[in-house]
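J.: Just one file: model28.cif, with mmCIF, C-alpha atoms and all ligand atoms.
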data_query
#
loop_
_atom_site.label_atom_id
_atom_site.label_comp_id
_atom_site.auth_asym_id
_atom_site.auth_seq_id
_atom_site.Cartn_x
_atom_site.Cartn_y
_atom_site.Cartn_z
CA MET A 164 63.38 16.43 192.73
CA SER A 165 66.64 16.07 190.85
CA ASN A 166 69.94 17.87 191.51
CA ARG A 167 69.48 19.99 188.39
CA GLU A 168 70.01 23.72 188.76
CA SER A 169 69.35 26.56 186.33
CA ASN A 170 70.44 30.19 186.25
CA HIS A 171 66.93 31.46 185.64
CA ASP A 172 63.62 30.87 187.35
CA VAL A 173 62.56 27.89 185.23
CA ASN A 174 59.38 26.09 186.19
CA LYS A 175 60.35 23.20 188.49
CA LEU A 176 58.37 20.66 186.49
CA ILE A 177 60.38 21.48 183.37
CA LEU A 178 63.70 21.57 185.23
CA HIS A 179 63.34 18.29 187.08
CA ARG A 180 61.60 16.09 184.49
CA TRP A 181 63.96 13.40 183.34
CA SER A 182 63.87 9.98 181.70
CA PRO A 183 64.63 7.14 184.11
CA ARG A 184 64.86 3.56 182.84
CA ALA A 185 64.15 1.73 186.12
CA MET A 186 60.54 0.62 186.31
CA SER A 187 58.87 -1.67 188.82
CA GLY A 188 56.70 -3.71 186.47
CA GLU A 189 53.53 -2.48 188.19
CA VAL A 190 50.58 -1.75 185.93
CA ILE A 191 49.17 1.70 185.30
CA THR A 192 45.44 2.26 184.95
CA LYS A 193 43.64 3.16 181.76
CA ASP A 194 42.69 6.43 183.44
CA GLU A 195 46.36 7.26 184.11
CA LEU A 196 47.17 6.58 180.47
CA MET A 197 44.25 8.70 179.27
CA THR A 198 45.46 11.53 181.53
CA LEU A 199 48.78 11.41 179.67
CA PHE A 200 47.03 11.56 176.30
CA ASP A 201 44.82 14.37 177.55
CA ALA A 202 47.97 16.36 178.34
CA ALA A 203 49.25 15.62 174.83
CA ARG A 204 45.93 16.84 173.43
CA TRP A 205 46.50 20.39 174.67
CA ALA A 206 49.73 20.96 172.77
CA GLN A 207 50.06 23.78 170.29
CA SER A 208 50.26 22.89 166.59
CA SER A 209 50.38 24.63 163.25
CA TYR A 210 46.82 25.60 162.20
CA ASN A 211 45.72 23.67 165.30
CA ASN A 212 45.95 20.60 163.08
CA GLN A 213 46.77 18.32 166.06
CA PRO A 214 48.68 15.83 163.86
CA TRP A 215 49.82 13.51 166.67
CA ARG A 216 48.53 9.91 166.58
CA PHE A 217 49.37 7.26 169.17
CA ALA A 218 49.16 3.48 169.22
CA TYR A 219 49.68 1.80 172.58
CA ALA A 220 49.88 -1.57 174.28
CA PHE A 221 49.54 -2.57 177.93
CA ARG A 222 52.09 -5.19 178.99
CA GLU A 223 49.52 -7.77 180.05
CA THR A 224 47.74 -7.81 176.66
CA PRO A 225 48.46 -10.02 173.61
CA VAL A 226 49.44 -7.04 171.42
CA TRP A 227 52.32 -6.14 173.80
CA ALA A 228 54.65 -8.60 172.04
CA THR A 229 54.15 -6.80 168.71
CA PHE A 230 55.20 -3.48 170.24
CA PHE A 231 57.99 -4.93 172.39
CA ASN A 232 59.54 -6.79 169.44
CA LEU A 233 59.96 -3.51 167.54
CA LEU A 234 62.57 -2.38 170.08
CA VAL A 235 66.32 -2.89 169.73
CA PRO A 236 67.72 -5.31 172.35
CA PHE A 237 69.25 -2.42 174.35
CA ASN A 238 65.80 -0.91 174.87
CA GLN A 239 64.13 -4.29 175.44
CA ASP A 240 66.50 -4.88 178.36
CA TRP A 241 64.91 -2.16 180.45
CA CYS A 242 61.47 -1.84 178.76
CA LYS A 243 60.46 -5.30 179.92
CA ASN A 244 59.27 -3.64 183.15
CA ALA A 245 57.25 -0.92 181.42
CA ALA A 246 53.49 -0.90 181.91
CA VAL A 247 52.68 0.56 178.51
CA LEU A 248 54.54 1.08 175.23
CA ILE A 249 53.44 3.92 172.98
CA VAL A 250 54.27 4.39 169.31
CA ALA A 251 53.90 8.03 168.33
CA SER A 252 53.17 9.02 164.76
CA SER A 253 51.98 12.14 162.98
CA LYS A 254 49.75 13.01 160.06
CA LYS A 255 51.73 14.68 157.29
CA ASP A 256 48.93 16.72 155.68
CA PHE A 257 46.63 19.39 157.04
CA ASP A 258 43.03 18.26 157.65
CA PHE A 259 41.54 21.48 156.33
CA ASN A 260 43.14 21.60 152.86
CA GLY A 261 45.02 18.32 152.38
CA LYS A 262 48.30 20.18 151.77
CA PRO A 263 51.59 19.00 153.29
CA SER A 264 52.40 20.31 156.73
CA ARG A 265 56.03 21.25 157.33
CA THR A 266 55.64 20.95 161.07
CA HIS A 267 53.84 17.64 161.66
CA SER A 268 56.83 16.12 163.46
CA PHE A 269 57.51 19.33 165.37
CA ASP A 270 53.87 19.46 166.49
CA ALA A 271 53.93 15.81 167.55
CA GLY A 272 57.07 16.56 169.56
CA ALA A 273 55.21 19.30 171.42
CA ALA A 274 52.43 16.83 172.29
CA LEU A 275 54.99 14.30 173.51
CA GLN A 276 56.67 16.88 175.72
CA ASN A 277 53.28 17.66 177.27
CA LEU A 278 52.82 13.94 177.85
CA ALA A 279 56.29 13.65 179.41
CA LEU A 280 55.72 16.58 181.76
CA GLN A 281 52.31 15.27 182.80
CA GLY A 282 53.84 11.86 183.45
CA TYR A 283 56.60 13.34 185.60
CA GLU A 284 53.96 15.23 187.60
CA MET A 285 52.14 11.89 188.14
CA ASN A 286 55.35 10.18 189.32
CA LEU A 287 55.45 7.95 186.26
CA VAL A 288 58.48 7.04 184.18
CA ILE A 289 58.16 8.38 180.65
CA HIS A 290 61.12 7.50 178.43
CA GLY A 291 61.35 8.34 174.72
CA MET A 292 63.02 5.97 172.26
CA GLU A 293 64.24 5.99 168.70
CA GLY A 294 65.89 2.61 169.11
CA PHE A 295 63.29 0.54 167.29
CA ASP A 296 62.44 -0.60 163.77
CA TYR A 297 60.50 2.25 162.13
CA ASP A 298 59.58 0.33 158.98
CA LYS A 299 58.38 -2.67 160.94
CA ALA A 300 56.32 -0.37 163.21
CA LYS A 301 54.58 1.16 160.21
CA GLN A 302 53.88 -2.25 158.73
CA GLU A 303 52.88 -4.22 161.81
CA LEU A 304 50.80 -1.48 163.42
CA LEU A 305 49.05 -0.80 160.09
CA LEU A 306 49.96 2.88 159.85
CA PRO A 307 48.43 4.21 156.59
CA ASP A 308 50.43 6.23 154.04
CA GLY A 309 50.33 9.92 154.83
CA TYR A 310 51.49 9.34 158.40
CA ALA A 311 55.03 9.22 159.79
CA ILE A 312 56.32 7.11 162.66
CA GLU A 313 58.01 9.49 165.11
CA ALA A 314 59.19 7.73 168.28
CA MET A 315 58.30 5.17 170.92
CA PHE A 316 57.73 5.88 174.60
CA ALA A 317 57.92 3.57 177.58
CA VAL A 318 55.55 4.37 180.44
CA GLY A 319 55.70 2.76 183.86
CA LYS A 320 55.91 3.07 187.62
CA PRO A 321 59.35 3.98 188.96
CA GLY A 322 61.50 1.05 190.07
CA ASP A 323 64.78 0.21 191.76
CA LYS A 324 67.80 1.14 189.65
CA TYR A 325 69.63 -1.96 190.90
CA GLY A 326 67.16 -4.00 188.88
CA LEU A 327 68.73 -2.57 185.70
CA PRO A 328 71.70 -4.08 183.84
CA LYS A 329 74.94 -2.89 185.52
CA GLU A 330 75.98 -0.36 182.85
CA LEU A 331 72.54 1.28 182.96
CA GLN A 332 72.63 1.61 186.75
CA GLU A 333 75.54 4.03 186.35
CA ARG A 334 73.60 6.12 183.81
CA GLU A 335 70.42 6.29 185.90
CA GLU A 336 70.51 9.98 186.80
CA PRO A 337 69.28 13.27 185.35
CA SER A 338 71.49 14.57 182.55
CA TRP A 339 72.80 18.11 182.05
CA ARG A 340 72.31 20.59 179.26
CA ASN A 341 74.27 22.94 177.01
CA GLU A 342 74.45 26.60 178.02
CA ILE A 343 71.93 28.99 176.44
CA ALA A 344 74.72 30.85 174.60
CA THR A 345 75.46 27.72 172.58
CA PHE A 346 72.00 27.63 170.99
CA ALA A 347 70.30 31.05 171.18
CA PHE A 348 71.65 33.91 169.06
CA GLU A 349 70.50 37.50 168.82
CA GLY A 350 70.01 38.62 165.22
CA GLY A 351 70.79 35.47 163.24
CA PHE A 352 72.69 32.22 163.04
CA ALA A 353 76.09 33.47 161.81
CA GLU A 354 77.71 32.27 165.06
CA LEU A 355 76.99 28.70 164.04
CA ALA A 356 79.31 28.90 161.03
CA LYS A 357 82.22 29.77 163.35
CA LYS A 358 81.94 26.50 165.25
C1 LIG B 1 62.87 11.06 170.59
C2 LIG B 1 63.74 10.43 171.65
C3 LIG B 1 64.40 9.25 171.39
C4 LIG B 1 65.16 8.63 172.39
N1 LIG B 1 65.70 7.38 172.17
C5 LIG B 1 66.18 6.67 173.22
C6 LIG B 1 66.45 5.28 173.07
O1 LIG B 1 66.25 4.64 172.03
N2 LIG B 1 66.93 4.62 174.17
C7 LIG B 1 67.14 5.23 175.36
O2 LIG B 1 67.54 4.56 176.31
N3 LIG B 1 66.87 6.56 175.53
C8 LIG B 1 66.37 7.28 174.49
N4 LIG B 1 66.02 8.61 174.65
C9 LIG B 1 66.24 9.29 175.94
C10 LIG B 1 67.27 10.41 175.81
O3 LIG B 1 68.56 9.86 175.77
C11 LIG B 1 67.08 11.40 176.98
O4 LIG B 1 65.83 12.02 176.86
C12 LIG B 1 68.19 12.44 176.97
O5 LIG B 1 69.42 11.87 177.29
C13 LIG B 1 67.91 13.56 177.96
O6 LIG B 1 67.75 13.05 179.23
P1 LIG B 1 66.46 13.32 180.13
O7 LIG B 1 65.23 12.99 179.31
O8 LIG B 1 66.62 12.39 181.32
O9 LIG B 1 66.46 14.76 180.53
C14 LIG B 1 65.31 9.25 173.67
C15 LIG B 1 64.65 10.46 173.90
C16 LIG B 1 63.88 11.05 172.92
C17 LIG B 1 63.16 12.34 173.23
#
Go through the file and emit its structure as structure tokens.
T.:
Amino acid sequence: MSNRESNHDVNKLILHRWSPRAMSGEVITKDELMTLFDAARWAQSSYNNQPWRFAYAFRETPVWATFFNLLVPFNQDWCKNAAVLIVASSKKDFDFNGKPSRTHSFDAGAALQNLALQGYEMNLVIHGMEGFDYDKAKQELLLPDGYAIEAMFAVGKPGDKYGLPKELQEREEPSWRNEIATFAFEGGFAELAKK
């Protein structure tokens, strides 16, 4: 449990999920990983198109280096102790009519939040990343046209924060959030123009 507090009766799983960086280097099982993807599977999506697609690598396999080398050095510093790296992508067209979907990224985000919540429930670290080379990911992981690279995720067993680089040790705690009034508006968005 984190020290987060909310003014409303938010589900504890949602409130306390956060993204640590400290991982122990222990492996996770294939079954644990499939449980995460199963959670992703149940996300809502426009027309139930389920546009999320994932490529993954376990650290002890030869393909790990390909995934790891996509990351910027800042992320490599702490991801070296991850058990699995995931590259999330999404299909840009609907299956049923081949027309462009406006919400493929949005839908993939919903699946990734399911995955993150499931991982928190399983006492795993799940940490999203945009600090990687998107073009190289598309090329090296052979993503066909018609799909977009969305984000990477590190998955691992929790570790000791003192194993992190010094500046990251200080940041290793749950973050806070903007108040509801700053992002939810009754009747329209006119408030936003006043900011
Ligand atoms: C799509 C996405 C990309 C992110 N990119 C990075 C990243 O490249 N490196 C990093 O250390 N954290 C990254 N984060 C983690 C965010 O900084 C973190 O989720 C945010 O500060 C909120 O904190 P919390 O997840 O602990 O609640 C990313 C998160 C998401 C969802």
J.: Quick check, in Å to one decimal: how far apart do atom CA of A:Lys320 and atom CA of A:Leu287 lie?
T.: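 Separation between atom CA of A:Lys320 and atom CA of A:Leu287: 5.1 Å.
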J.: Compile a residue-level contact table for chain A against ligand LIG 1 (chain B) at a cut-off of 10 Å, reporting for every qualifying residue the shortest atom pair and its distance in Å to one decimal, with only C-alpha atoms and all ligand atoms counted, rows ordered by chain and ascending number, as JSON lines.
T.:
{"residue": "A:Arg167", "atom": "CA", "partner": "B:LIG1", "partner_atom": "O9", "distance": 9.9}
{"residue": "A:Ile177", "atom": "CA", "partner": "B:LIG1", "partner_atom": "O9", "distance": 9.5}
{"residue": "A:Leu178", "atom": "CA", "partner": "B:LIG1", "partner_atom": "O9", "distance": 8.7}
{"residue": "A:His179", "atom": "CA", "partner": "B:LIG1", "partner_atom": "O9", "distance": 8.1}
{"residue": "A:Arg180", "atom": "CA", "partner": "B:LIG1", "partner_atom": "O9", "distance": 6.4}
{"residue": "A:Trp181", "atom": "CA", "partner": "B:LIG1", "partner_atom": "O8", "distance": 3.5}
{"residue": "A:Ser182", "atom": "CA", "partner": "B:LIG1", "partner_atom": "O8", "distance": 3.7}
{"residue": "A:Pro183", "atom": "CA", "partner": "B:LIG1", "partner_atom": "O8", "distance": 6.3}
{"residue": "A:Arg184", "atom": "CA", "partner": "B:LIG1", "partner_atom": "O2", "distance": 7.1}
{"residue": "A:Leu234", "atom": "CA", "partner": "B:LIG1", "partner_atom": "O1", "distance": 8.2}
{"residue": "A:Val235", "atom": "CA", "partner": "B:LIG1", "partner_atom": "O1", "distance": 7.9}
{"residue": "A:Phe237", "atom": "CA", "partner": "B:LIG1", "partner_atom": "N2", "distance": 7.4}
{"residue": "A:Asn238", "atom": "CA", "partner": "B:LIG1", "partner_atom": "N2", "distance": 5.7}
{"residue": "A:Gln239", "atom": "CA", "partner": "B:LIG1", "partner_atom": "N2", "distance": 9.4}
{"residue": "A:Asp240", "atom": "CA", "partner": "B:LIG1", "partner_atom": "O2", "distance": 9.7}
{"residue": "A:Trp241", "atom": "CA", "partner": "B:LIG1", "partner_atom": "O2", "distance": 8.3}
{"residue": "A:Cys242", "atom": "CA", "partner": "B:LIG1", "partner_atom": "O2", "distance": 9.2}
{"residue": "A:Ala251", "atom": "CA", "partner": "B:LIG1", "partner_atom": "C1", "distance": 9.7}
{"residue": "A:Gly272", "atom": "CA", "partner": "B:LIG1", "partner_atom": "C1", "distance": 8.1}
{"residue": "A:Leu275", "atom": "CA", "partner": "B:LIG1", "partner_atom": "C17", "distance": 8.4}
{"residue": "A:Gln276", "atom": "CA", "partner": "B:LIG1", "partner_atom": "C17", "distance": 8.3}
{"residue": "A:Ala279", "atom": "CA", "partner": "B:LIG1", "partner_atom": "O7", "distance": 9.0}
{"residue": "A:Ile289", "atom": "CA", "partner": "B:LIG1", "partner_atom": "O7", "distance": 8.5}
{"residue": "A:His290", "atom": "CA", "partner": "B:LIG1", "partner_atom": "C9", "distance": 6.0}
{"residue": "A:Gly291", "atom": "CA", "partner": "B:LIG1", "partner_atom": "C15", "distance": 4.0}
{"residue": "A:Met292", "atom": "CA", "partner": "B:LIG1", "partner_atom": "N1", "distance": 3.0}
{"residue": "A:Glu293", "atom": "CA", "partner": "B:LIG1", "partner_atom": "N1", "distance": 4.0}
{"residue": "A:Gly294", "atom": "CA", "partner": "B:LIG1", "partner_atom": "O1", "distance": 3.6}
{"residue": "A:Phe295", "atom": "CA", "partner": "B:LIG1", "partner_atom": "O1", "distance": 6.9}
{"residue": "A:Glu313", "atom": "CA", "partner": "B:LIG1", "partner_atom": "C1", "distance": 7.5}
{"residue": "A:Ala314", "atom": "CA", "partner": "B:LIG1", "partner_atom": "C1", "distance": 5.5}
{"residue": "A:Met315", "atom": "CA", "partner": "B:LIG1", "partner_atom": "C3", "distance": 7.4}
{"residue": "A:Phe316", "atom": "CA", "partner": "B:LIG1", "partner_atom": "C2", "distance": 8.1}
{"residue": "A:Ala317", "atom": "CA", "partner": "B:LIG1", "partner_atom": "C7", "distance": 9.6}
{"residue": "A:Leu331", "atom": "CA", "partner": "B:LIG1", "partner_atom": "O2", "distance": 8.9}
{"residue": "A:Arg334", "atom": "CA", "partner": "B:LIG1", "partner_atom": "O5", "distance": 9.6}
{"residue": "A:Glu335", "atom": "CA", "partner": "B:LIG1", "partner_atom": "O8", "distance": 8.5}
{"residue": "A:Glu336", "atom": "CA", "partner": "B:LIG1", "partner_atom": "O8", "distance": 7.1}
{"residue": "A:Pro337", "atom": "CA", "partner": "B:LIG1", "partner_atom": "O8", "distance": 4.9}
{"residue": "A:Ser338", "atom": "CA", "partner": "B:LIG1", "partner_atom": "O6", "distance": 5.2}
{"residue": "A:Trp339", "atom": "CA", "partner": "B:LIG1", "partner_atom": "O9", "distance": 7.3}
{"residue": "A:Arg340", "atom": "CA", "partner": "B:LIG1", "partner_atom": "O9", "distance": 8.4}
J.: Which of these residues is nearest to A:Ile249, using all atoms listed in the file: A:Gly188, A:Gly261, A:Gly319, A:Pro236?
T.: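 Result for the nearest residue to A:Ile249: A:Gly319.
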J.: What separation in Å, quoted to one decimal, exists between atom CA of A:Ala218 and atom CA of A:Leu306?
T.: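 So the answer is 9.4 Å.
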J.: Using only C-alpha atoms, which of the listed residues (A:Ile312, A:Ala274, A:Glu354, A:Glu349) sits closest to A:Ala202?
T.: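 That would be A:Ala274, the residue with the smallest distance to A:Ala202.
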J.: Could you tell me how far atom CA of A:Glu342 lies from atom CA of A:Gln281, in Å and to one decimal?
T.: 25.3 Å
J.: Write out as a ChimeraX atom specification which residues come within 9 Å of A:Ala271 when counting all atoms listed in the file, dropping same-chain ones fewer than 3 positions away.
T.: /A:203,206,208,213-216,251-253,266-268,274-276,313
J.: In terms of the shortest atom-to-atom distance over all atoms listed in the file, which of A:Lys329, A:Leu280, A:Thr345, A:Lys301 is closest to A:Asn174?
T.: A:Leu280
J.: Identify, on the basis of only C-alpha atoms, every residue whose closest approach to stretch 245-247 of chain A does not exceed 7 Å; exclude the query and any residue fewer than 6 positions from it along the same chain; express the result as an MDAnalysis selection string.
T.: chainID A and resid 186 188:191 219:222 317:319
J.: Counting all atoms listed in the file, which residue out of A:Leu278, A:Leu176, A:Leu248, A:Ala300 sits closest to A:Arg204?
T.: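 When distances to A:Arg204 are compared using all atoms listed in the file, the smallest one comes from A:Leu278.
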J.: Using only the atoms of stretch 330-344 of chain A listed in the file, plus 5 Å on each side, state the axis-aligned box centre and edge lengths in Å rounded to one decimal, as lines of an AutoDock Vina configuration file.
T.:
center_x = 72.6
center_y = 15.2
center_z = 180.7
size_x = 16.7
size_y = 41.2
size_z = 22.2
J.: Nearest to A:Asp194: which of A:Met285, A:Lys324, A:Lys299, A:Phe230 is it, counting all atoms listed in the file?
T.: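 Closest to A:Asp194 of all the choices is A:Met285.
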J.: I'd like to know which of A:Ser187, A:Asn232, A:Asn341, A:Gln302 is closest to A:Gly326, using all atoms listed in the file.
T.: A:Ser187
